[in-house]
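Data block for data09.json (JSON, C-alpha atoms):
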```json
[["chain", "number", "residue", "atom", "x", "y", "z"],
["A", 17, "MET", "CA", -99.61, 76.92, -109.73],
["A", 18, "TRP", "CA", -96.58, 76.78, -107.41],
["A", 19, "TYR", "CA", -97.36, 73.18, -106.59],
["A", 20, "LEU", "CA", -97.19, 72.25, -110.27],
["A", 21, "ALA", "CA", -93.85, 74.01, -110.81],
["A", 22, "ALA", "CA", -92.40, 72.51, -107.61],
["A", 23, "GLY", "CA", -93.62, 69.04, -108.66],
["A", 24, "ILE", "CA", -91.93, 69.30, -112.08],
["A", 25, "ILE", "CA", -88.66, 70.46, -110.53],
["A", 26, "LEU", "CA", -88.83, 67.68, -107.92],
["A", 27, "LEU", "CA", -89.53, 65.07, -110.59],
["A", 28, "GLY", "CA", -86.58, 66.35, -112.67],
["A", 29, "ALA", "CA", -84.30, 66.15, -109.63],
["A", 30, "ILE", "CA", -85.39, 62.58, -108.92],
["A", 31, "VAL", "CA", -84.76, 61.47, -112.52],
["A", 32, "TRP", "CA", -81.34, 63.16, -112.53],
["A", 33, "THR", "CA", -80.39, 61.50, -109.22],
["A", 34, "VAL", "CA", -81.50, 58.05, -110.37],
["A", 35, "GLU", "CA", -79.46, 58.35, -113.55],
["A", 36, "LYS", "CA", -76.38, 59.45, -111.61],
["A", 37, "LEU", "CA", -76.70, 56.64, -109.08],
["A", 38, "THR", "CA", -77.20, 53.89, -111.63],
["A", 39, "GLY", "CA", -74.15, 55.07, -113.56],
["A", 40, "LYS", "CA", -75.88, 54.82, -116.88],
["A", 41, "GLN", "CA", -74.33, 57.19, -119.29],
["A", 42, "ARG", "CA", -75.42, 57.63, -122.80],
["A", 43, "LYS", "CA", -72.50, 56.92, -125.02],
["A", 44, "VAL", "CA", -72.43, 58.26, -128.52],
["A", 45, "GLU", "CA", -70.48, 56.03, -130.82],
["A", 46, "PRO", "CA", -68.17, 58.00, -133.08],
["A", 47, "ALA", "CA", -68.82, 57.56, -136.76],
["A", 48, "THR", "CA", -66.31, 55.26, -138.33],
["A", 49, "ALA", "CA", -64.71, 56.47, -141.50],
["A", 50, "ARG", "CA", -65.25, 54.28, -144.51],
["A", 51, "GLU", "CA", -62.35, 53.75, -146.81],
["A", 52, "ILE", "CA", -63.22, 55.18, -150.20],
["A", 53, "PRO", "CA", -61.59, 53.55, -153.22],
["A", 54, "ALA", "CA", -59.26, 55.74, -155.28],
["A", 55, "GLU", "CA", -61.36, 55.26, -158.42],
["A", 56, "CYS", "CA", -64.53, 56.48, -156.67],
["A", 57, "CYS", "CA", -66.43, 59.18, -158.53],
["A", 58, "GLY", "CA", -67.60, 61.00, -155.39],
["A", 59, "GLN", "CA", -71.15, 59.70, -155.61],
["A", 60, "HIS", "CA", -70.89, 57.11, -152.87],
["A", 61, "ALA", "CA", -74.53, 56.09, -152.82],
["A", 62, "VAL", "CA", -74.52, 55.63, -156.58],
["A", 63, "CYS", "CA", -71.17, 53.82, -156.54],
["A", 64, "GLU", "CA", -72.36, 51.35, -153.91],
["A", 65, "ARG", "CA", -75.47, 50.57, -155.91],
["A", 66, "ASP", "CA", -73.51, 50.31, -159.14],
["A", 67, "ARG", "CA", -71.00, 47.92, -157.61],
["A", 68, "LEU", "CA", -73.86, 45.65, -156.57],
["A", 69, "LEU", "CA", -75.43, 45.86, -160.01],
["A", 70, "ALA", "CA", -72.11, 45.07, -161.66],
["A", 71, "ALA", "CA", -71.66, 42.05, -159.42],
["A", 72, "SER", "CA", -75.10, 40.76, -160.33],
["A", 73, "GLY", "CA", -74.19, 40.66, -164.03],
["A", 74, "LYS", "CA", -76.79, 43.21, -165.08],
["A", 75, "THR", "CA", -76.75, 43.96, -168.78],
["A", 76, "VAL", "CA", -75.56, 47.37, -169.88],
["A", 77, "GLU", "CA", -78.26, 49.84, -170.82],
["A", 78, "TYR", "CA", -77.33, 52.49, -173.37],
["A", 79, "TYR", "CA", -78.74, 56.00, -173.24],
["A", 80, "ASP", "CA", -78.12, 56.85, -176.89],
["A", 81, "ASP", "CA", -74.46, 57.35, -175.94],
["A", 82, "GLU", "CA", -72.61, 54.58, -177.75],
["A", 83, "GLU", "CA", -69.96, 57.11, -178.87],
["A", 84, "LEU", "CA", -68.76, 57.33, -175.25],
["A", 85, "ASP", "CA", -67.47, 53.75, -175.42],
["A", 86, "ALA", "CA", -64.34, 55.21, -177.03],
["A", 87, "PHE", "CA", -63.42, 56.61, -173.58],
["A", 88, "SER", "CA", -63.46, 53.26, -171.82],
["A", 89, "GLY", "CA", -60.52, 52.89, -169.45],
["A", 90, "MET", "CA", -59.50, 56.57, -169.51],
["A", 91, "PRO", "CA", -58.87, 58.24, -166.13],
["A", 92, "SER", "CA", -61.44, 60.90, -165.25],
["A", 93, "ASP", "CA", -58.84, 63.68, -165.08],
["A", 94, "THR", "CA", -57.43, 63.20, -168.60],
["A", 95, "TYR", "CA", -60.41, 64.24, -170.75],
["A", 96, "SER", "CA", -60.06, 67.11, -173.22],
["A", 97, "ASP", "CA", -62.60, 69.95, -173.26],
["A", 98, "GLU", "CA", -64.13, 68.47, -176.40],
["A", 99, "ALA", "CA", -64.54, 65.06, -174.77],
["A", 100, "THR", "CA", -66.06, 66.64, -171.66],
["A", 101, "GLU", "CA", -68.55, 68.44, -173.91],
["A", 102, "GLN", "CA", -69.60, 65.09, -175.41],
["A", 103, "PHE", "CA", -70.39, 63.81, -171.91],
["A", 104, "ARG", "CA", -72.13, 67.08, -170.98],
["A", 105, "GLU", "CA", -74.34, 66.87, -174.07],
["A", 106, "VAL", "CA", -75.54, 63.40, -173.10],
["A", 107, "LEU", "CA", -75.93, 64.39, -169.43],
["A", 108, "TYR", "CA", -78.17, 67.34, -170.17],
["A", 109, "THR", "CA", -80.36, 65.46, -172.63],
["A", 110, "LEU", "CA", -81.31, 62.95, -169.90],
["A", 111, "ASN", "CA", -84.21, 63.26, -167.51],
["A", 112, "ASN", "CA", -82.97, 63.89, -163.97],
["A", 113, "SER", "CA", -84.39, 60.51, -162.98],
["A", 114, "ASP", "CA", -82.19, 58.79, -165.59],
["A", 115, "VAL", "CA", -78.88, 60.33, -164.50],
["A", 116, "ALA", "CA", -78.13, 57.69, -161.84],
["A", 117, "GLY", "CA", -78.89, 54.90, -164.31],
["A", 118, "TRP", "CA", -76.64, 56.54, -166.90],
["A", 119, "LEU", "CA", -73.80, 56.74, -164.37],
["A", 120, "CYS", "CA", -74.38, 53.06, -163.63],
["A", 121, "SER", "CA", -74.20, 52.31, -167.34],
["A", 122, "LEU", "CA", -70.93, 54.24, -167.66],
["A", 123, "GLN", "CA", -69.41, 52.36, -164.75],
["A", 124, "LEU", "CA", -70.46, 48.97, -166.09],
["A", 125, "ARG", "CA", -68.84, 49.91, -169.41],
["A", 126, "GLY", "CA", -65.59, 51.01, -167.72],
["A", 127, "ILE", "CA", -66.07, 54.69, -168.56],
["A", 128, "SER", "CA", -65.16, 57.36, -166.00],
["A", 129, "LEU", "CA", -67.19, 60.55, -165.86],
["A", 130, "PRO", "CA", -64.95, 63.59, -166.47],
["A", 131, "ASP", "CA", -64.00, 65.39, -163.26],
["A", 132, "GLY", "CA", -65.55, 68.60, -164.52],
["A", 133, "LEU", "CA", -69.01, 66.98, -164.71],
["A", 134, "LYS", "CA", -69.16, 65.14, -161.41],
["A", 135, "ASP", "CA", -70.58, 68.06, -159.44],
["A", 136, "GLU", "CA", -73.13, 68.76, -162.16],
["A", 137, "ALA", "CA", -74.24, 65.13, -162.21],
["A", 138, "ILE", "CA", -74.63, 65.11, -158.42],
["A", 139, "MET", "CA", -76.74, 68.26, -158.57],
["A", 140, "LEU", "CA", -78.98, 66.71, -161.21],
["A", 141, "ILE", "CA", -79.37, 63.51, -159.18],
["A", 142, "ASN", "CA", -80.28, 65.54, -156.09],
["A", 143, "GLY", "CA", -82.76, 67.56, -158.16],
["A", 144, "LYS", "CA", -81.16, 70.96, -157.60]]
```

Starting from the file, lay out its structure as structure tokens.
Amino acid sequence: MWYLAAGIILLGAIVWTVEKLTGKQRKVEPATAREIPAECCGQHAVCERDRLLAASGKTVEYYDDEELDAFSGMPSDTYSDEATEQFREVLYTLNNSDVAGWLCSLQLRGISLPDGLKDEAIMLINGK
């Protein structure tokens, strides 16, 4: 038993010495911060996908929400409580699997999701 323990310790010492002598150090690259556009909704994975879809010329898919086109071009922090409720009604009538597609549709139509609903939409996308 002592021979086994001594062998493991000796092997560890040899590996440590070889690494020190060769000068190989494991470097961990720091994560680089990505610049996030000011108009980003906070759903970076969705935004990246939506930007690619928009660039490809994908046609807009409606989720029985044509009335939301009236909010095209409005900043996300300027919606009234009534307008936010309109968005919330559509959001909660969707299947969780359709929420990301709906957000894509809104972006392609130039409609910003109200600030008060962004966290709720993220939770639905993540299935929580």

Of the residues A:Ala86, A:Leu140, A:Gly126, A:Asp93, which is the one nearest to A:Asn111, using all atoms listed in the file? A:Leu140

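When atom CA of A:Phe87 is paired with atom CA of A:Asp135, their separation reads 19.6 Å.
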
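Within 12 Å of A:Asp114, once only C-alpha atoms are used and residues closer than 3 positions along the same chain are dropped, the contacting residues are Glu77, Tyr78, Tyr79, Val106, Leu107, Tyr108, Thr109, Leu110, Asn111, Gly117, Trp118, Leu119, Cys120, Ser121, Ala137, Leu140, Ile141, Asn142 and Gly143 of chain A.
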
12 Å contact set for A:Ile127, only C-alpha atoms, chain neighbours under 4 positions out, as a PyMOL selection string: chain A and resi 55+57+81-92+95+103+118-123

Point-to-point distance in Å for atom CA of A:Trp32 and atom CA of A:Met17: 23.0 Å

What's the separation between atom CA of A:Met139 and atom CA of A:Gln102, in Å to one decimal place? 18.6 Å

Which residue out of A:Glu136, A:Val76, A:Val31, A:Leu26 has the minimum interatomic distance to A:Asn112 when all atoms listed in the file are used?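 Closest to A:Asn112 of all the choices is A:Glu136.
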
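The nearest approach to A:Arg104 among the residues A:Leu20, A:Ile25, A:Arg125, A:Lys134, with all atoms listed in the file taken into account, belongs to A:Lys134.
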